[in-house]
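Engineer: The structure file target-v8.csv (CSV, C-alpha atoms and all ligand atoms) is provided below.
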chain,number,residue,atom,x,y,z
D,1,MET,CA,66.3,14.4,-18.7
D,2,TRP,CA,63.6,11.9,-19.6
D,3,GLN,CA,61.0,11.0,-17.0
D,4,ILE,CA,58.8,8.0,-16.9
D,5,ARG,CA,55.1,8.4,-15.9
D,6,PRO,CA,54.7,9.1,-12.2
D,7,GLY,CA,53.6,6.0,-10.4
D,8,LEU,CA,55.7,3.7,-12.6
D,9,GLU,CA,58.9,4.3,-10.7
D,10,THR,CA,58.1,1.6,-8.1
D,11,LEU,CA,56.9,-0.9,-10.7
D,12,LYS,CA,58.7,-4.2,-10.3
D,13,PRO,CA,58.9,-6.2,-13.6
D,14,TYR,CA,57.2,-9.5,-13.7
D,15,SER,CA,59.9,-12.1,-13.8
D,16,VAL,CA,60.1,-15.8,-13.7
D,17,GLU,CA,63.1,-17.9,-13.1
D,18,GLU,CA,64.5,-19.1,-16.4
D,19,THR,CA,66.7,-21.9,-15.4
D,20,ALA,CA,66.9,-24.6,-18.1
D,21,TRP,CA,65.4,-27.3,-15.9
D,22,LYS,CA,65.3,-30.8,-17.3
D,23,ILE,CA,61.8,-31.2,-16.0
D,24,ARG,CA,59.8,-27.9,-16.2
D,25,LEU,CA,56.9,-27.9,-13.8
D,26,ASP,CA,56.9,-24.2,-13.1
D,27,ALA,CA,54.6,-22.5,-15.6
D,28,ASN,CA,51.4,-24.5,-15.7
D,29,GLU,CA,52.0,-25.4,-19.4
D,30,ARG,CA,50.6,-28.5,-21.1
D,31,PRO,CA,53.4,-31.1,-20.6
D,32,ALA,CA,53.3,-32.3,-24.2
D,33,ASN,CA,53.5,-30.5,-27.5
D,34,LEU,CA,50.3,-30.3,-29.6
D,35,PRO,CA,48.9,-33.6,-30.6
D,36,PRO,CA,50.7,-34.7,-33.8
D,37,ALA,CA,47.7,-34.3,-36.1
D,38,VAL,CA,47.0,-30.8,-34.8
D,39,ARG,CA,50.7,-29.9,-35.2
D,40,ASP,CA,50.7,-31.1,-38.8
D,41,GLU,CA,47.6,-29.1,-39.6
D,42,VAL,CA,49.1,-26.0,-38.1
D,43,ALA,CA,52.3,-26.5,-40.1
D,44,ALA,CA,50.3,-26.9,-43.3
D,45,ARG,CA,48.2,-23.9,-42.7
D,46,LEU,CA,51.3,-21.8,-41.8
D,47,ALA,CA,53.0,-23.0,-45.0
D,48,ALA,CA,50.1,-21.5,-47.0
D,49,LEU,CA,49.9,-18.2,-45.1
D,50,PRO,CA,50.2,-15.0,-47.0
D,51,PHE,CA,53.0,-13.6,-44.9
D,52,HIS,CA,53.1,-10.3,-46.7
D,53,ARG,CA,49.5,-9.4,-45.7
D,54,TYR,CA,48.3,-8.0,-42.5
D,55,PRO,CA,46.2,-10.3,-40.4
D,56,ASP,CA,42.4,-10.2,-40.6
D,57,MET,CA,41.7,-7.0,-38.6
D,58,HIS,CA,38.6,-8.2,-37.0
D,59,MET,CA,39.8,-11.8,-36.5
D,60,THR,CA,36.4,-12.9,-37.8
D,61,THR,CA,37.2,-16.6,-38.3
D,62,LEU,CA,38.4,-17.3,-34.8
D,63,ARG,CA,35.8,-15.1,-33.1
D,64,THR,CA,33.0,-16.8,-35.1
D,65,MET,CA,34.3,-20.2,-34.3
D,66,ILE,CA,34.3,-19.5,-30.6
D,67,ALA,CA,31.0,-17.6,-30.7
D,68,ARG,CA,29.2,-20.5,-32.5
D,69,SER,CA,30.4,-23.1,-30.0
D,70,LEU,CA,29.3,-21.0,-27.1
D,71,GLY,CA,26.0,-19.9,-28.6
D,72,VAL,CA,26.8,-16.2,-28.5
D,73,THR,CA,27.5,-13.6,-31.3
D,74,ALA,CA,30.9,-12.9,-32.7
D,75,GLY,CA,30.4,-9.4,-31.4
D,76,GLN,CA,30.6,-10.8,-27.9
D,77,VAL,CA,34.0,-12.4,-28.4
D,78,LEU,CA,37.4,-10.6,-28.5
D,79,ILE,CA,40.8,-12.1,-29.0
D,80,GLY,CA,43.9,-11.0,-27.3
D,81,SER,CA,47.6,-11.7,-27.4
D,82,GLY,CA,47.2,-14.1,-24.5
D,83,SER,CA,44.5,-13.5,-22.0
D,84,SER,CA,47.2,-11.2,-20.5
D,85,GLU,CA,46.5,-8.6,-23.1
D,86,ILE,CA,42.8,-8.8,-22.4
D,87,LEU,CA,43.3,-8.4,-18.7
D,88,ALA,CA,45.7,-5.5,-19.1
D,89,VAL,CA,43.3,-3.7,-21.5
D,90,LEU,CA,40.3,-4.2,-19.3
D,91,CYS,CA,42.3,-2.6,-16.4
D,92,GLN,CA,43.0,0.4,-18.7
D,93,ILE,CA,39.4,0.8,-19.6
D,94,PHE,CA,37.7,0.3,-16.3
D,95,GLY,CA,40.5,1.4,-14.1
D,96,GLY,CA,42.7,4.5,-14.6
D,97,ARG,CA,43.8,7.4,-12.5
D,98,ASP,CA,42.4,7.3,-9.0
D,99,ARG,CA,40.0,4.5,-9.8
D,100,HIS,CA,40.1,1.2,-7.9
D,101,ILE,CA,40.4,-2.4,-9.1
D,102,VAL,CA,39.3,-5.1,-6.7
D,103,PHE,CA,41.1,-8.4,-6.8
D,104,PRO,CA,41.9,-11.2,-4.3
D,105,ALA,CA,45.2,-12.3,-2.9
D,106,PRO,CA,46.9,-14.7,-3.1
D,107,SER,CA,45.9,-14.8,-6.8
D,108,PHE,CA,47.5,-14.2,-10.1
D,109,SER,CA,50.2,-11.7,-9.4
D,110,MET,CA,49.8,-9.9,-12.7
D,111,TYR,CA,46.5,-8.3,-11.6
D,112,GLY,CA,48.5,-6.0,-9.3
D,113,ILE,CA,50.9,-5.1,-12.2
D,114,TYR,CA,48.0,-4.4,-14.6
D,115,ALA,CA,46.4,-2.2,-12.1
D,116,LYS,CA,49.6,-0.2,-11.7
D,117,LEU,CA,50.3,0.0,-15.4
D,118,SER,CA,46.8,1.5,-15.9
D,119,ASP,CA,47.4,4.0,-13.1
D,120,SER,CA,44.6,2.3,-11.1
D,121,ARG,CA,44.6,1.7,-7.4
D,122,PRO,CA,44.5,-1.9,-6.1
D,123,ALA,CA,41.8,-2.8,-3.6
D,124,VAL,CA,43.1,-6.2,-2.5
D,125,VAL,CA,40.8,-8.7,-0.7
D,126,GLN,CA,42.6,-11.3,1.2
D,127,LEU,CA,41.4,-14.9,0.8
D,128,GLU,CA,40.5,-16.8,4.0
D,129,THR,CA,42.9,-19.2,5.5
D,130,ASP,CA,41.4,-22.1,3.5
D,131,PHE,CA,41.8,-19.9,0.4
D,132,SER,CA,38.1,-19.4,0.0
D,133,LEU,CA,36.8,-16.0,-1.1
D,134,ASP,CA,34.4,-14.1,1.1
D,135,ARG,CA,32.0,-12.6,-1.4
D,136,GLU,CA,30.9,-9.9,1.1
D,137,LYS,CA,34.4,-8.7,1.5
D,138,VAL,CA,34.6,-8.4,-2.3
D,139,LEU,CA,31.4,-6.4,-2.5
D,140,ALA,CA,32.4,-4.2,0.6
D,141,ALA,CA,35.8,-3.4,-1.0
D,142,ALA,CA,34.1,-2.5,-4.3
D,143,ALA,CA,31.5,-0.3,-2.6
D,144,LYS,CA,34.0,1.4,-0.3
D,145,THR,CA,36.3,2.3,-3.2
D,146,GLU,CA,33.6,2.8,-5.8
D,147,ALA,CA,35.6,0.3,-7.8
D,148,GLY,CA,35.7,0.4,-11.6
D,149,LEU,CA,36.4,-3.3,-12.0
D,150,ILE,CA,36.5,-6.5,-10.0
D,151,ILE,CA,38.7,-9.4,-11.0
D,152,LEU,CA,38.1,-12.9,-9.8
D,153,CYS,CA,40.1,-16.0,-10.7
D,154,THR,CA,38.5,-19.4,-10.7
D,155,PRO,CA,40.0,-21.9,-10.4
D,156,ASN,CA,42.4,-19.7,-8.6
D,157,ASN,CA,46.1,-19.5,-9.4
D,158,PRO,CA,48.2,-20.4,-7.4
D,159,THR,CA,45.8,-21.8,-4.7
D,160,GLY,CA,44.0,-24.2,-7.1
D,161,ASN,CA,40.5,-23.9,-5.6
D,162,VAL,CA,37.3,-22.9,-7.2
D,163,ILE,CA,35.0,-19.9,-6.4
D,164,PRO,CA,31.6,-21.5,-6.3
D,165,LEU,CA,29.4,-20.3,-9.2
D,166,PRO,CA,26.6,-19.0,-6.7
D,167,ASP,CA,29.2,-16.7,-5.1
D,168,ILE,CA,30.2,-15.4,-8.5
D,169,GLU,CA,26.6,-14.8,-9.4
D,170,TYR,CA,26.0,-13.1,-6.0
D,171,ILE,CA,28.9,-10.7,-6.7
D,172,LEU,CA,27.7,-10.1,-10.3
D,173,SER,CA,24.2,-9.3,-9.3
D,174,ARG,CA,25.2,-6.8,-6.6
D,175,ALA,CA,28.3,-5.1,-8.1
D,176,SER,CA,27.9,-1.9,-9.9
D,177,CYS,CA,31.0,-2.4,-12.1
D,178,PRO,CA,32.2,-5.0,-14.6
D,179,VAL,CA,33.5,-8.3,-13.1
D,180,ILE,CA,36.1,-10.3,-14.9
D,181,VAL,CA,36.0,-14.0,-14.2
D,182,ASP,CA,39.5,-15.3,-15.2
D,183,GLU,CA,39.0,-18.9,-16.2
D,184,ALA,CA,42.5,-19.7,-17.4
D,185,TYR,CA,42.3,-23.2,-15.8
D,186,GLN,CA,38.6,-23.9,-16.2
D,187,GLU,CA,39.1,-26.9,-18.6
D,188,PHE,CA,40.6,-28.8,-15.6
D,189,ALA,CA,37.7,-28.1,-13.3
D,190,ALA,CA,34.6,-30.3,-13.0
D,191,GLY,CA,32.2,-27.5,-12.2
D,192,PRO,CA,30.2,-25.2,-14.4
D,193,SER,CA,31.8,-22.1,-16.1
D,194,ALA,CA,30.7,-18.6,-15.6
D,195,LEU,CA,30.0,-18.6,-19.3
D,196,SER,CA,26.6,-20.0,-18.3
D,197,LEU,CA,25.8,-16.6,-16.7
D,198,LEU,CA,26.5,-14.5,-19.8
D,199,GLY,CA,23.0,-13.8,-20.9
D,200,LYS,CA,22.0,-12.8,-17.4
D,201,TYR,CA,24.6,-10.3,-16.3
D,202,PRO,CA,25.7,-7.5,-18.7
D,203,ASN,CA,28.7,-6.7,-16.3
D,204,LEU,CA,30.2,-10.2,-16.7
D,205,ILE,CA,33.5,-10.7,-18.6
D,206,VAL,CA,34.8,-14.2,-18.9
D,207,ALA,CA,38.5,-14.5,-19.8
D,208,ARG,CA,39.9,-17.7,-21.3
D,209,THR,CA,43.3,-18.8,-22.7
D,210,PHE,CA,44.8,-21.2,-25.3
D,211,SER,CA,48.0,-21.3,-23.2
D,212,LYS,CA,47.1,-24.0,-20.7
D,213,ALA,CA,44.8,-26.9,-21.6
D,214,TYR,CA,45.2,-26.2,-25.4
D,215,GLY,CA,49.0,-26.2,-25.3
D,216,LEU,CA,49.5,-23.0,-27.2
D,217,ALA,CA,51.5,-21.0,-24.7
D,218,SER,CA,54.1,-20.1,-27.3
D,219,ALA,CA,51.5,-18.4,-29.6
D,220,ARG,CA,50.0,-16.1,-27.0
D,221,VAL,CA,46.3,-16.3,-27.7
D,222,GLY,CA,43.5,-15.7,-25.3
D,223,TYR,CA,39.9,-14.4,-25.5
D,224,MET,CA,37.1,-12.7,-23.6
D,225,VAL,CA,33.4,-13.2,-23.9
D,226,ALA,CA,31.0,-10.5,-22.6
D,227,GLY,CA,27.9,-8.6,-23.6
D,228,GLU,CA,28.1,-6.9,-27.0
D,229,ALA,CA,27.9,-3.4,-25.6
D,230,LEU,CA,30.8,-4.0,-23.2
D,231,ALA,CA,32.9,-5.9,-25.9
D,232,ARG,CA,32.4,-2.9,-28.2
D,233,GLU,CA,34.0,-0.6,-25.6
D,234,VAL,CA,36.9,-2.9,-25.2
D,235,SER,CA,37.5,-3.3,-28.9
D,236,LYS,CA,38.1,0.5,-29.1
D,237,VAL,CA,41.2,0.2,-27.0
D,238,LEU,CA,42.8,-2.9,-28.6
D,239,LEU,CA,45.4,-1.9,-31.1
D,240,PRO,CA,44.9,-2.8,-34.7
D,241,TYR,CA,46.5,-6.2,-35.6
D,242,HIS,CA,47.4,-6.9,-32.0
D,243,VAL,CA,47.3,-10.6,-32.6
D,244,ASN,CA,49.6,-11.8,-35.4
D,245,ALA,CA,48.3,-14.0,-38.2
D,246,LEU,CA,50.6,-16.9,-37.3
D,247,SER,CA,49.2,-17.1,-33.8
D,248,LEU,CA,45.6,-16.7,-35.1
D,249,THR,CA,46.1,-19.5,-37.6
D,250,ALA,CA,47.5,-21.8,-34.9
D,251,ALA,CA,44.6,-21.0,-32.6
D,252,GLU,CA,42.0,-21.6,-35.4
D,253,VAL,CA,43.3,-25.1,-35.9
D,254,VAL,CA,43.5,-25.8,-32.2
D,255,TYR,CA,40.0,-24.6,-31.6
D,256,ALA,CA,38.6,-26.5,-34.5
D,257,ARG,CA,40.3,-29.7,-33.2
D,258,ARG,CA,39.8,-29.0,-29.5
D,259,ASP,CA,38.2,-32.5,-29.1
D,260,ASP,CA,41.7,-33.9,-29.8
D,261,PHE,CA,42.8,-32.3,-26.5
D,262,ALA,CA,40.2,-34.1,-24.3
D,263,PRO,CA,42.4,-37.2,-23.7
D,264,GLY,CA,45.3,-34.9,-22.6
D,265,ILE,CA,43.1,-33.0,-20.3
D,266,ARG,CA,41.7,-36.2,-18.8
D,267,GLU,CA,45.2,-37.5,-18.3
D,268,ILE,CA,46.4,-34.3,-16.6
D,269,ILE,CA,43.4,-34.6,-14.2
D,270,ALA,CA,44.2,-38.2,-13.4
D,271,GLU,CA,47.8,-37.4,-12.9
D,272,ARG,CA,46.9,-34.5,-10.7
D,273,GLU,CA,44.9,-36.8,-8.4
D,274,ARG,CA,47.7,-39.4,-8.3
D,275,LEU,CA,50.3,-36.7,-7.5
D,276,SER,CA,48.1,-35.2,-4.9
D,277,SER,CA,47.5,-38.5,-3.1
D,278,GLU,CA,51.1,-39.6,-3.3
D,279,LEU,CA,52.5,-36.2,-2.1
D,280,SER,CA,50.0,-36.2,0.8
D,281,ARG,CA,51.7,-39.3,2.1
D,282,VAL,CA,55.1,-37.6,2.3
D,283,LYS,CA,55.8,-36.5,5.9
D,284,GLY,CA,56.0,-32.7,6.2
D,285,LEU,CA,54.0,-31.9,3.1
D,286,THR,CA,50.4,-30.6,2.9
D,287,VAL,CA,48.7,-30.7,-0.5
D,288,PHE,CA,45.8,-28.4,-1.1
D,289,PRO,CA,42.8,-29.5,-3.3
D,290,SER,CA,43.1,-28.4,-6.9
D,291,ALA,CA,40.8,-28.0,-9.8
D,292,THR,CA,43.6,-27.0,-12.1
D,293,ASN,CA,46.7,-28.5,-13.8
D,294,PHE,CA,48.9,-27.7,-10.8
D,295,LEU,CA,49.1,-28.4,-7.1
D,296,LEU,CA,49.9,-26.0,-4.3
D,297,VAL,CA,52.0,-27.8,-1.7
D,298,GLN,CA,53.1,-26.5,1.7
D,299,ALA,CA,56.3,-27.8,3.1
D,300,GLN,CA,57.4,-27.6,6.7
D,301,ALA,CA,61.0,-27.2,5.3
D,302,PRO,CA,60.5,-25.5,1.9
D,303,GLU,CA,64.2,-24.9,1.4
D,304,LEU,CA,64.9,-28.6,1.8
D,305,LEU,CA,62.1,-29.5,-0.6
D,306,LEU,CA,63.3,-27.1,-3.2
D,307,GLN,CA,66.8,-28.5,-2.8
D,308,CYS,CA,65.5,-32.0,-3.5
D,309,PHE,CA,63.7,-30.7,-6.6
D,310,ARG,CA,66.9,-29.0,-7.8
D,311,GLN,CA,68.8,-32.2,-7.3
D,312,GLY,CA,66.3,-33.9,-9.6
D,313,GLU,CA,66.7,-31.0,-12.1
D,314,ILE,CA,63.0,-30.2,-11.6
D,315,GLY,CA,61.8,-26.6,-11.8
D,316,VAL,CA,58.7,-25.6,-9.7
D,317,ARG,CA,57.4,-22.2,-8.7
D,318,ASP,CA,58.6,-21.1,-5.3
D,319,PHE,CA,56.0,-19.1,-3.3
D,320,SER,CA,57.5,-20.0,0.0
D,321,LYS,CA,58.2,-16.4,1.0
D,322,ALA,CA,55.0,-14.9,-0.6
D,323,SER,CA,52.4,-13.4,1.7
D,324,GLY,CA,49.7,-15.8,2.6
D,325,LEU,CA,51.6,-18.7,1.0
D,326,THR,CA,54.4,-19.4,3.6
D,327,GLY,CA,56.3,-22.5,2.8
D,328,CYS,CA,54.3,-23.2,-0.4
D,329,VAL,CA,55.5,-24.3,-3.8
D,330,ARG,CA,53.4,-24.6,-6.9
D,331,ILE,CA,53.9,-27.8,-9.0
D,332,THR,CA,52.5,-28.1,-12.5
D,333,VAL,CA,51.2,-31.6,-13.4
D,334,GLY,CA,53.7,-33.1,-15.9
D,335,THR,CA,53.7,-36.3,-17.9
D,336,ALA,CA,53.5,-39.5,-15.9
D,337,ALA,CA,57.3,-40.0,-16.1
D,338,GLU,CA,57.9,-36.4,-15.0
D,339,ASN,CA,55.5,-36.8,-12.1
D,340,ASP,CA,57.3,-40.0,-11.1
D,341,SER,CA,60.6,-38.0,-11.0
D,342,LEU,CA,58.9,-35.3,-8.9
D,343,LEU,CA,57.5,-37.9,-6.5
D,344,ALA,CA,61.0,-39.5,-6.1
D,345,ALA,CA,62.4,-36.1,-5.2
D,346,ALA,CA,59.6,-35.4,-2.8
D,347,ARG,CA,60.0,-38.8,-1.1
D,348,GLN,CA,63.7,-37.9,-0.7
D,349,TYR,CA,62.6,-34.8,1.2
D,350,GLY,CA,60.4,-36.9,3.4
D,351,LYS,CA,63.4,-39.1,4.2
D,352,ASP,CA,65.9,-36.3,4.8
D,353,ARG,CA,63.7,-34.5,7.3
P,401,LIG,N1,45.3,-15.8,-15.8
P,401,LIG,C1,45.8,-16.7,-15.0
P,401,LIG,C2,45.1,-17.0,-13.8
P,401,LIG,C3,47.1,-17.2,-15.3
P,401,LIG,O1,47.6,-18.1,-14.5
P,401,LIG,C4,47.7,-16.9,-16.5
P,401,LIG,C5,49.0,-17.4,-17.0
P,401,LIG,N2,49.9,-17.8,-16.0
P,401,LIG,C6,47.1,-15.9,-17.4
P,401,LIG,C7,45.8,-15.4,-17.0
P,401,LIG,C8,47.7,-15.4,-18.6
P,401,LIG,O2,47.7,-16.4,-19.6
P,401,LIG,P1,48.0,-16.1,-21.1
P,401,LIG,O3,48.4,-14.6,-21.2
P,401,LIG,O4,49.1,-17.0,-21.5
P,401,LIG,O5,46.7,-16.3,-21.8
Any chance you could give the structure as C-alpha cells?
Structural biologist:
Amino acid sequence: MWQIRPGLETLKPYSVEETAWKIRLDANERPANLPPAVRDEVAARLAALPFHRYPDMHMTTLRTMIARSLGVTAGQVLIGSGSSEILAVLCQIFGGRDRHIVFPAPSFSMYGIYAKLSDSRPAVVQLETDFSLDREKVLAAAAKTEAGLIILCTPNNPTGNVIPLPDIEYILSRASCPVIVDEAYQEFAAGPSALSLLGKYPNLIVARTFSKAYGLASARVGYMVAGEALAREVSKVLLPYHVNALSLTAAEVVYARRDDFAPGIREIIAERERLSSELSRVKGLTVFPSATNFLLVQAQAPELLLQCFRQGEIGVRDFSKASGLTGCVRITVGTAAENDSLLAAARQYGKDR
C-alpha cells in the first residue's frame, strides 16, 4: 500500500471558490487586461518564440532588467513561477524537519501550507486587534523556536495595513535567520519598500510578483531579491526551467513597459479611496485602512452582506469565519463600473438591516 510522507495526511489543499461571477472581486487581480500596446507586444514576441527550445536556463534577460532598475546585480535576483514558488522554495531551504518558520496571522494563508509542505513547524504570531504587528513578539517567537525563517507580509493580505519600515529593520537587525518581506502589494502603497534595506542586511529577502499591479496573474511570474550569497543557495533548489519561456517573455515585455501600468495603479488607488469612504457610510460596515488593491470590510451581518453581493453576481473573498477576522470580507478594487455595482449591493445591505 502506498503511503504519503508523514505529516502531509492532515494537509488541507488551498482552494478558492470558483464560481463564475459576473464581477470578480475575490482574487486581488488587476481589473483590466494588460494595456493594449503591452498586449500587442507580448503577442508579437510570442509569435516569434522558438517553441521547440528550452527556455533560457538562467533567465538572464529578465533578471538583468530587474537588477538594473533596482541597482543590484543579476546574481541577487531570482525568478519564480509566481512569488508562490519563491516562498515555497524558501520554506524548503530555511525550514525543514523540526525547524520553525515564524509568520503572522491573519496573513497570507499559504505561509502555513508552505511550512507544512516543507515539513517545518509553524510559529504563528498573532497580529494585534488593530492588525499591527508587534515586532518584539516576532523576535521572541524566532528566538524561542530558534527559527530558520521569518516571513512578513507588507502591505499585509488580507488586512491591508503596512508594517512600518523601521519595524522591519528592527527585526532584520536582530533576527539570526533570513527574513522574507513579501511585497506582493507594494505598488499600491505610498511608503518605502524594504528593497531600500538590501545593501544593509544580508538576511533580507524581498519577494515581489507580476500577478497584481502588473496584471500578469495568468503567467505566474514572481521574483525575489536578496544578497548574492543567499540567492546562490536558493538557486540550487529551484528546478531547471521552472519558469516557462512564454511566461518569461510576457514578463520581460511587462517589465520593460512598466511605466504603462502607472495610470492603472493610480486609478486603483483612487478607486480604493472612493470605495473605502463610500462603504464606510453604509450602516453596519467597518472598513479597515488599506495600502493595497483590496479592502477588508467587517460586517455586523456578514451573511446578509454576502447575500447582497451574490444577488449582484459579485464574488468577494469570505473571511467571516476565519480566526481573527470575524465578520470580514475582502473586496478587490475593480473598475469604476464594477465598484459602482459593489456599492449598490452594499447599500442594499445597509437598507435591509
Ligand atoms: N503573497 C501574497 C501576500 C499574496 O497575496 C499572493 C497572491 N494572492 C502571493 C504572495 C502569491 O502571488 P503569485 O504566486 O501570483 O506571485
Engineer: So which residues are near ligand LIG 401 (chain P), meaning at most 7 Å away with only C-alpha atoms and all ligand atoms counted, given back as a PyMOL selection string?
Structural biologist: chain D and resi 27-28+81-85+108+153+156-157+182-184+208-211+217+220-222
Engineer: I need the residue nearest Glu278 of chain D from this list: D:Lys212, D:Arg347, D:Arg330, D:Lys321. Use only C-alpha atoms for the distance.
Structural biologist: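 Ranking D:Lys212, D:Arg347, D:Arg330, D:Lys321 by distance to Glu278 of chain D, first place goes to D:Arg347.
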Engineer: Quick one, how far is atom CA of Lys22 of chain D from atom CA of Ser341 of chain D?
Structural biologist: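 The value is 10.7 Å.
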Engineer: In terms of the shortest atom-to-atom distance over all atoms listed in the file, which of D:Leu197, D:Ala262, D:Ile23, D:Val206 is closest to Pro166 of chain D?
Structural biologist: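 Using all atoms listed in the file, Pro166 of chain D sits closest to D:Leu197.
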Engineer: Go through D:Gly215, D:Tyr255, D:Asn339, D:Ser196 and flag the residue nearest Gly71 of chain D, using only C-alpha atoms for the distances.
Structural biologist: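 Counting only C-alpha atoms, the residue closest to Gly71 of chain D is D:Ser196.
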Engineer: Hey, which of D:Leu49, D:Glu233, D:Thr154, D:Thr60 ends up closest to Ser193 of chain D? Count only C-alpha atoms.
Structural biologist: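 So, comparing all the options, the nearest one is D:Thr154.
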Engineer: Do you know which residues are at most 9 Å from segment 129-142 of chain D counting only C-alpha atoms, after dropping those on the same chain fewer than 2 positions away, and could you put them as a PyMOL selection string?
Structural biologist: chain D and resi 100-106+123-127+144-150+159-163+167-168+170-171+174-177+288+324
Engineer: Need the shell around Gly264 of chain D: protein/DNA/RNA residues with any atom at most 9 Å away, counting only C-alpha atoms. Skip same-chain ones fewer than 4 positions apart. Format as a PDB file with C-alpha atoms, in the coordinates of the input?
Structural biologist:
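Wrote out_37.pdb, looks like this:
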ATOM      1  CA  ARG D  30      50.600 -28.500 -21.100  1.00  0.00           C
ATOM      2  CA  ALA D  32      53.300 -32.300 -24.200  1.00  0.00           C
ATOM      3  CA  PRO D  35      48.900 -33.600 -30.600  1.00  0.00           C
ATOM      4  CA  ALA D 213      44.800 -26.900 -21.600  1.00  0.00           C
ATOM      5  CA  ASP D 260      41.700 -33.900 -29.800  1.00  0.00           C
ATOM      6  CA  ILE D 268      46.400 -34.300 -16.600  1.00  0.00           C
ATOM      7  CA  ILE D 269      43.400 -34.600 -14.200  1.00  0.00           C
TER       8      ILE D 269
END
Engineer: For a quick check of your reading of the model, name the residues lying within 12 Å of the coordinate (57.6, -14.2, -5.0), counting only C-alpha atoms, and write them as a short mmCIF file (atom, residue, chain, number, x, y, z; two decimals) with C-alpha atoms, in the coordinates of the input.
Structural biologist:
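Result file is point-v3.cif:
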data_model
loop_
_atom_site.label_atom_id
_atom_site.label_comp_id
_atom_site.auth_asym_id
_atom_site.auth_seq_id
_atom_site.Cartn_x
_atom_site.Cartn_y
_atom_site.Cartn_z
CA LYS D 12 58.70 -4.20 -10.30
CA PRO D 13 58.90 -6.20 -13.60
CA TYR D 14 57.20 -9.50 -13.70
CA SER D 15 59.90 -12.10 -13.80
CA VAL D 16 60.10 -15.80 -13.70
CA GLU D 17 63.10 -17.90 -13.10
CA PRO D 106 46.90 -14.70 -3.10
CA SER D 107 45.90 -14.80 -6.80
CA PHE D 108 47.50 -14.20 -10.10
CA SER D 109 50.20 -11.70 -9.40
CA MET D 110 49.80 -9.90 -12.70
CA PRO D 158 48.20 -20.40 -7.40
CA ARG D 317 57.40 -22.20 -8.70
CA ASP D 318 58.60 -21.10 -5.30
CA PHE D 319 56.00 -19.10 -3.30
CA SER D 320 57.50 -20.00 0.00
CA LYS D 321 58.20 -16.40 1.00
CA ALA D 322 55.00 -14.90 -0.60
CA SER D 323 52.40 -13.40 1.70
CA GLY D 324 49.70 -15.80 2.60
CA LEU D 325 51.60 -18.70 1.00
CA THR D 326 54.40 -19.40 3.60
CA GLY D 327 56.30 -22.50 2.80
CA CYS D 328 54.30 -23.20 -0.40
CA VAL D 329 55.50 -24.30 -3.80
CA ARG D 330 53.40 -24.60 -6.90
#
Engineer: Applying 8 Å and all atoms listed in the file, which residues near segment 66-68 of chain D remain after dropping the ones on its own chain fewer than 6 positions away? List them as a ChimeraX atom specification.
Structural biologist: /D:74,76-77,255
Engineer: Closest to Glu252 of chain D among D:Ile79, D:Leu195, D:Leu25, D:Leu11, using only C-alpha atoms?
Structural biologist: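 Among the listed residues, D:Ile79 lies closest to Glu252 of chain D.
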Engineer: Report, in Å to a single decimal, how far apart atom CA of Ala346 of chain D and atom CA of Ser218 of chain D are.
Structural biologist: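 We find that atom CA of Ser218 of chain D and atom CA of Ala346 of chain D lie 29.4 Å from each other.
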Engineer: Please measure the separation of atom CA of Thr61 of chain D and atom CA of Phe94 of chain D, giving the value in Å to one decimal.
Structural biologist: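 Between atom CA of Thr61 of chain D and atom CA of Phe94 of chain D the gap works out to 27.7 Å.
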Engineer: Distance cut-off 8 Å, centre (45.2, 8.4, -10.5) in file coordinates, counting all atoms listed in the file: which residues qualify? Return them as a list of chain:residue names.
Structural biologist: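 Every polymer residue passing the test: D:Gly96, D:Arg97, D:Asp98, D:Arg99, D:Asp119, D:Ser120, D:Arg121.
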Engineer: Write out the residues from the selection above, keeping C-alpha atoms, as an mmCIF file, in the coordinates of the input.
Structural biologist:
data_model
loop_
_atom_site.group_PDB
_atom_site.id
_atom_site.type_symbol
_atom_site.label_atom_id
_atom_site.label_comp_id
_atom_site.auth_asym_id
_atom_site.auth_seq_id
_atom_site.Cartn_x
_atom_site.Cartn_y
_atom_site.Cartn_z
ATOM 1 C CA GLY D 96 42.700 4.500 -14.600
ATOM 2 C CA ARG D 97 43.800 7.400 -12.500
ATOM 3 C CA ASP D 98 42.400 7.300 -9.000
ATOM 4 C CA ARG D 99 40.000 4.500 -9.800
ATOM 5 C CA ASP D 119 47.400 4.000 -13.100
ATOM 6 C CA SER D 120 44.600 2.300 -11.100
ATOM 7 C CA ARG D 121 44.600 1.700 -7.400
#
Engineer: Set the distance at 10 Å and use all atoms listed in the file: which residues neighbour Val253 of chain D once local chain neighbours fewer than 3 positions away are removed? I'd like the list as a PyMOL selection string.
Structural biologist: chain D and resi 38-42+45+62+248-250+256-258
Engineer: Have a look at D:Leu216, D:Leu198, D:Leu304, D:Val254 and name the one nearest to Tyr349 of chain D; count all atoms listed in the file.
Structural biologist: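 Going through D:Leu216, D:Leu198, D:Leu304, D:Val254 one by one, the smallest distance to Tyr349 of chain D is for D:Leu304.
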Engineer: What's around segment 90-93 of chain D at 7 Å? Count all atoms listed in the file, leave out sequence neighbours fewer than 6 positions away in its own chain, and write the answer as number ranges by chain.
Structural biologist: D: 114-115, 118, 234
Engineer: Where atoms are missing, can you supply N, CA and C atoms for segment 113-118 of chain D and output the lot as a CSV table (one decimal), in the coordinates of the input?
Structural biologist:
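Generated file (rebuild18.csv):
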chain,number,residue,atom,x,y,z
D,113,ILE,N,50.0,-5.8,-11.2
D,113,ILE,CA,50.9,-5.1,-12.2
D,113,ILE,C,50.0,-4.4,-13.2
D,114,TYR,N,48.9,-5.1,-13.7
D,114,TYR,CA,48.0,-4.4,-14.6
D,114,TYR,C,47.3,-3.2,-14.0
D,115,ALA,N,47.0,-3.3,-12.7
D,115,ALA,CA,46.4,-2.2,-12.1
D,115,ALA,C,47.3,-1.0,-12.1
D,116,LYS,N,48.6,-1.3,-11.7
D,116,LYS,CA,49.6,-0.2,-11.7
D,116,LYS,C,49.8,0.4,-13.0
D,117,LEU,N,50.0,-0.5,-14.0
D,117,LEU,CA,50.3,0.0,-15.4
D,117,LEU,C,49.2,0.9,-15.9
D,118,SER,N,48.0,0.7,-15.4
D,118,SER,CA,46.8,1.5,-15.9
D,118,SER,C,46.6,2.6,-14.9
